[in-house]
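Participant: One structure, pasted below without further comment.
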Amino acid sequence: MILAIFLGGLATTMMIGLPISFALLATSILMMLYMDLFDPQIIAEAMYNSADSYPLMAIPFFLLAGELMMAGGMSKRIVALIIALLGHIRGGLGYAAILAAVLMASLSGSAVADTAALGAILIPMMKKAGYDPNQSVGLVAAGGIIAPIIPPSIAFIIFGVVANVSIIDLFLAGITPGMMMGLWLVIAWTLLSRASTVDVQEWAGWPEAVKAFRMGFWALMMPVMVVGGLKAGIFTPTEASVIAVAYSLIVGGLVYRELTLSRIFHALRDAVVMSSAVMFLVAAAGVTGWLITVAQIPFVLIDLLEPLTDSPKLLMLVIVLLVLVIGMVMDFVPTVLILTPVLLPLVKVAGIDLVYFGVMFIMATAVGLLTPPVGVVLNVACGIGKLSIEQGARGVFPFIVAKITLLLLLVALPELVLIPFRWISGG
């Protein structure tokens, strides 16, 4: 009964248009009333305890770093470098979009921010060059969802806190799958661009490429510094986020000289708004998570799916498919916050490596950012490209298929995630 109240209450409150944070709180109150546990003080304490986390402090700082990088000209210099290197080959702007997405993912950790930054630069360029508008928007959106997988990933920070899994391990484990996501997009784009009649750009020459590299060098050093420092144990993810902010201020303000007080203010404002929304959602989900544990909902789920616990790969396949379906109607962060405490006990019983599960879970959840009707990243890309969501969905469909194909491969061969992770981490 309690499971029906949880699912029914959440679905009903979301269908009537209640914001997900308040939907979680309303559902929590319904569950508390049913279990005769209602007490406003419990709600306040659970919300406070959920948000009172040192690792979660990395979220506002990484978001601020991403805003400062865009305002300070770091993002556009990375794009300019890649276009200088790849713009002259057939389908070159598409390949440039993919490589730029991989590099940008290692800077901000936010899919929406990366998509907005890349889309504003590349979508108009691709349209002007004659590329199919639907495919251009779809490619940029599909590239944007690499951000939650490659460190520094805000999604891994949230999952690590909720699941009590090492965030550094998640960061290091996400490097190879993130690169594979880029590679799968390259394969899909190569197949699509075979029939392209778009004229290629003229090769600007090595002097221009070298100049673009010099201009983008300091931006490229950001992921090297962050990932290298984490791998070497020099700083924690939270400390890395503060260092990223300081580095963005120095490079944007003193090296590129594009960061003005006005731009810094706007970056701070946007980061505060995004951070507040995420942290309030984390706090609200903390109440629900506590009640899920008290009501023993995970054990109900274990009883239902017990036959699958003897086959970890089959269970992982079911989880991935479940997350893909839920991702069509629920946004990214709520999916992570709601499903993690529900699925985690089941995963532990099946003996699935928690770092591997975290990577696969976040990858599957990220695909939901592309699927209508919610599809936040797809909506952002369509807004920039001035397309309807239906047009964007048609353009992104081949890339969604590519992402799902990769997910199925990693379900069948977990070693593709675990072996590189152990090699990188030295474990």
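Residues are referred to by chain and number: the chain letter is A, B, ... according to the order shown in the structure tokens, the number counts from 1 in that chain, and ligands are numbered separately from 1 in the order shown.
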Could you list, with a cut-off of 9 Å and counting only C-alpha atoms, the residues of range 152-251 of chain A near range 340-361 of chain A, each shown with its nearest atom pair and the distance in Å rounded to one decimal, rows sorted by chain and ascending number, as a Markdown table?
Facilitator:
| residue | atom | partner | partner_atom | distance |
| --- | --- | --- | --- | --- |
| A:Phe156 | CA | A:Gly358 | CA | 7.6 |
| A:Phe159 | CA | A:Gly358 | CA | 7.1 |
| A:Gly160 | CA | A:Gly358 | CA | 8.0 |
| A:Val162 | CA | A:Thr340 | CA | 7.1 |
| A:Ala163 | CA | A:Thr340 | CA | 6.7 |
| A:Val165 | CA | A:Val355 | CA | 7.1 |
| A:Ser166 | CA | A:Val355 | CA | 8.0 |
| A:Asp169 | CA | A:Val355 | CA | 6.9 |
| A:Leu170 | CA | A:Val355 | CA | 5.9 |
| A:Ala173 | CA | A:Val359 | CA | 7.1 |
| A:Gly174 | CA | A:Val359 | CA | 6.2 |
| A:Pro177 | CA | A:Val359 | CA | 8.0 |
Participant: So which residues touch Phe397 in chain A within 9 Å, counting only C-alpha atoms, skipping near sequence neighbours fewer than 4 positions away, as a list in words?
Facilitator: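 That gives Gln135, Gly138, Leu370, Thr371, Gly392, Ala393, Val401 and Ala402 of chain A.
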Participant: For range 224-236 of chain A, work out the shell of residues within 8 Å, counting only C-alpha atoms and skipping chain neighbours fewer than 2 positions away, then give it as a PyMOL selection string.
Facilitator: chain A and resi 151-152+168+172+220-222+238-240+244+425
Participant: Go ahead and dump the residues you just picked, all heavy atoms, as a short mmCIF file (atom, residue, chain, number, x, y, z; two decimals), in the first residue's frame.
Facilitator:
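Dumped to selection12.cif:
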data_model
loop_
_atom_site.label_atom_id
_atom_site.label_comp_id
_atom_site.auth_asym_id
_atom_site.auth_seq_id
_atom_site.Cartn_x
_atom_site.Cartn_y
_atom_site.Cartn_z
N PRO A 151 34.17 13.93 -15.80
CA PRO A 151 34.38 14.84 -14.66
C PRO A 151 34.83 16.22 -15.13
O PRO A 151 35.49 16.33 -16.16
CB PRO A 151 35.49 14.14 -13.87
CG PRO A 151 36.19 13.27 -14.86
CD PRO A 151 35.13 12.83 -15.83
N PRO A 152 34.44 17.28 -14.38
CA PRO A 152 33.69 17.25 -13.12
C PRO A 152 32.19 17.17 -13.39
O PRO A 152 31.63 18.04 -14.06
CB PRO A 152 34.05 18.58 -12.47
CG PRO A 152 34.29 19.50 -13.64
CD PRO A 152 34.86 18.65 -14.74
N ILE A 168 35.24 10.70 -6.20
CA ILE A 168 36.47 10.63 -7.01
C ILE A 168 36.46 9.36 -7.86
O ILE A 168 36.81 9.40 -9.05
CB ILE A 168 37.72 10.67 -6.11
CG1 ILE A 168 37.84 12.05 -5.43
CG2 ILE A 168 38.98 10.39 -6.92
CD1 ILE A 168 39.03 12.18 -4.51
N LEU A 172 36.57 9.25 -11.98
CA LEU A 172 37.57 8.51 -12.76
C LEU A 172 36.90 7.43 -13.62
O LEU A 172 37.34 7.18 -14.76
CB LEU A 172 38.61 7.88 -11.82
CG LEU A 172 39.45 8.88 -11.00
CD1 LEU A 172 40.42 8.14 -10.09
CD2 LEU A 172 40.21 9.83 -11.91
N LEU A 220 42.17 24.83 -22.14
CA LEU A 220 42.40 23.39 -22.19
C LEU A 220 43.07 22.88 -20.92
O LEU A 220 42.97 21.69 -20.60
CB LEU A 220 43.27 23.03 -23.39
CG LEU A 220 42.63 23.23 -24.78
CD1 LEU A 220 43.67 23.03 -25.87
CD2 LEU A 220 41.47 22.27 -24.97
N MET A 221 43.76 23.74 -20.21
CA MET A 221 44.45 23.33 -18.99
C MET A 221 43.52 23.09 -17.82
O MET A 221 43.89 22.45 -16.84
CB MET A 221 45.50 24.37 -18.60
CG MET A 221 46.74 24.39 -19.49
SD MET A 221 47.64 22.80 -19.48
CE MET A 221 47.07 22.07 -21.02
N MET A 222 42.27 23.59 -17.92
CA MET A 222 41.33 23.41 -16.81
C MET A 222 41.07 21.93 -16.51
O MET A 222 41.23 21.49 -15.36
CB MET A 222 40.02 24.14 -17.12
CG MET A 222 38.89 23.81 -16.18
SD MET A 222 38.99 24.69 -14.62
CE MET A 222 38.07 26.15 -15.07
N THR A 238 35.26 18.93 -3.86
CA THR A 238 34.79 20.25 -3.42
C THR A 238 35.90 21.29 -3.54
O THR A 238 35.66 22.42 -4.02
CB THR A 238 34.30 20.18 -1.96
OG1 THR A 238 33.29 19.17 -1.85
CG2 THR A 238 33.74 21.51 -1.50
N GLU A 239 37.10 20.93 -3.13
CA GLU A 239 38.23 21.85 -3.29
C GLU A 239 38.53 22.12 -4.76
O GLU A 239 38.87 23.24 -5.15
CB GLU A 239 39.46 21.27 -2.58
CG GLU A 239 39.32 21.23 -1.07
CD GLU A 239 40.36 20.34 -0.40
OE1 GLU A 239 41.02 19.54 -1.11
OE2 GLU A 239 40.50 20.41 0.83
N ALA A 240 38.35 21.07 -5.59
CA ALA A 240 38.58 21.25 -7.04
C ALA A 240 37.60 22.26 -7.62
O ALA A 240 37.95 23.03 -8.53
CB ALA A 240 38.43 19.90 -7.74
N ALA A 244 38.55 25.61 -9.59
CA ALA A 244 38.03 25.87 -10.93
C ALA A 244 37.48 27.29 -11.04
O ALA A 244 37.66 27.97 -12.06
CB ALA A 244 36.94 24.86 -11.28
N SER A 425 42.61 4.49 -11.81
CA SER A 425 42.68 4.74 -10.36
C SER A 425 43.82 4.02 -9.69
O SER A 425 44.12 4.26 -8.52
CB SER A 425 41.35 4.31 -9.71
OG SER A 425 41.15 2.91 -9.86
#
Participant: To one decimal in Å, tell me the separation between CA of Val278 in chain A and CA of Gly109 in chain A.
Facilitator: 13.8 Å
Participant: Find the residues around range 320-322 of chain A up to 12 Å (only C-alpha atoms counted), leave out those fewer than 5 positions away in its own chain, and share them as JSON, numbers by chain.
Facilitator: {"A": [313, 314, 315, 327, 328, 329, 330, 335, 339, 343, 357, 358, 359, 360, 361, 362, 363, 364, 365, 366, 367, 368, 403, 404, 405, 406, 407, 408, 409, 410, 411, 412]}
Participant: Mind checking which residues fall within 7 Å of Ser50 in chain A, counting only C-alpha atoms, ignoring those fewer than 6 positions away in the same chain, and posting them as a list in words?
Facilitator: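 Near Ser50 in chain A, the qualifying residues are Val282, Ala283 and Gly286 of chain A.
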Participant: Between A:Val245, A:Ala116, A:Leu24, A:Ile384, which residue has the minimum interatomic distance to Trp290 in chain A, considering only C-alpha atoms?
Facilitator: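 Selected residue with least distance to Trp290 in chain A: A:Leu24.
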Participant: Could you list, as a PyMOL selection string, every residue within 12 Å of Asn134 in chain A, counting only C-alpha atoms and ignoring same-chain residues fewer than 4 positions away?
Facilitator: chain A and resi 123+126-127+130+138-141+378+381-382+384-399
Participant: Between A:Gly119, A:Pro148, A:Gly17, A:Pro207, which is the closest to Ala84 in chain A once you count only C-alpha atoms?
Facilitator: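 Of A:Gly119, A:Pro148, A:Gly17, A:Pro207, the one nearest Ala84 in chain A is A:Pro207, counting only C-alpha atoms.
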Participant: What does the distance from CA of Leu191 in chain A to CA of His88 in chain A come to in Å, to one decimal?
Facilitator: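 Separating CA of Leu191 in chain A from CA of His88 in chain A is a distance of 18.0 Å.
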Participant: Please identify which residues in range 14-175 of chain A DSSP calls alpha helix (DSSP H) from the backbone, and express them as JSON, numbers by chain.
Facilitator: {"A": [14, 15, 20, 21, 22, 23, 24, 25, 26, 27, 28, 29, 30, 31, 32, 33, 34, 40, 41, 42, 43, 44, 45, 46, 47, 48, 49, 50, 51, 58, 59, 60, 61, 62, 63, 64, 65, 66, 67, 68, 69, 70, 71, 74, 75, 76, 77, 78, 79, 80, 81, 82, 83, 84, 85, 86, 92, 93, 94, 95, 96, 97, 98, 99, 100, 101, 102, 103, 104, 105, 111, 112, 113, 114, 115, 116, 117, 118, 119, 120, 121, 122, 123, 124, 125, 126, 127, 128, 129, 133, 134, 135, 136, 137, 138, 139, 140, 141, 142, 143, 144, 154, 155, 156, 157, 158, 159, 160, 161, 162, 163, 167, 168, 169, 170, 171, 172, 173, 174, 175]}
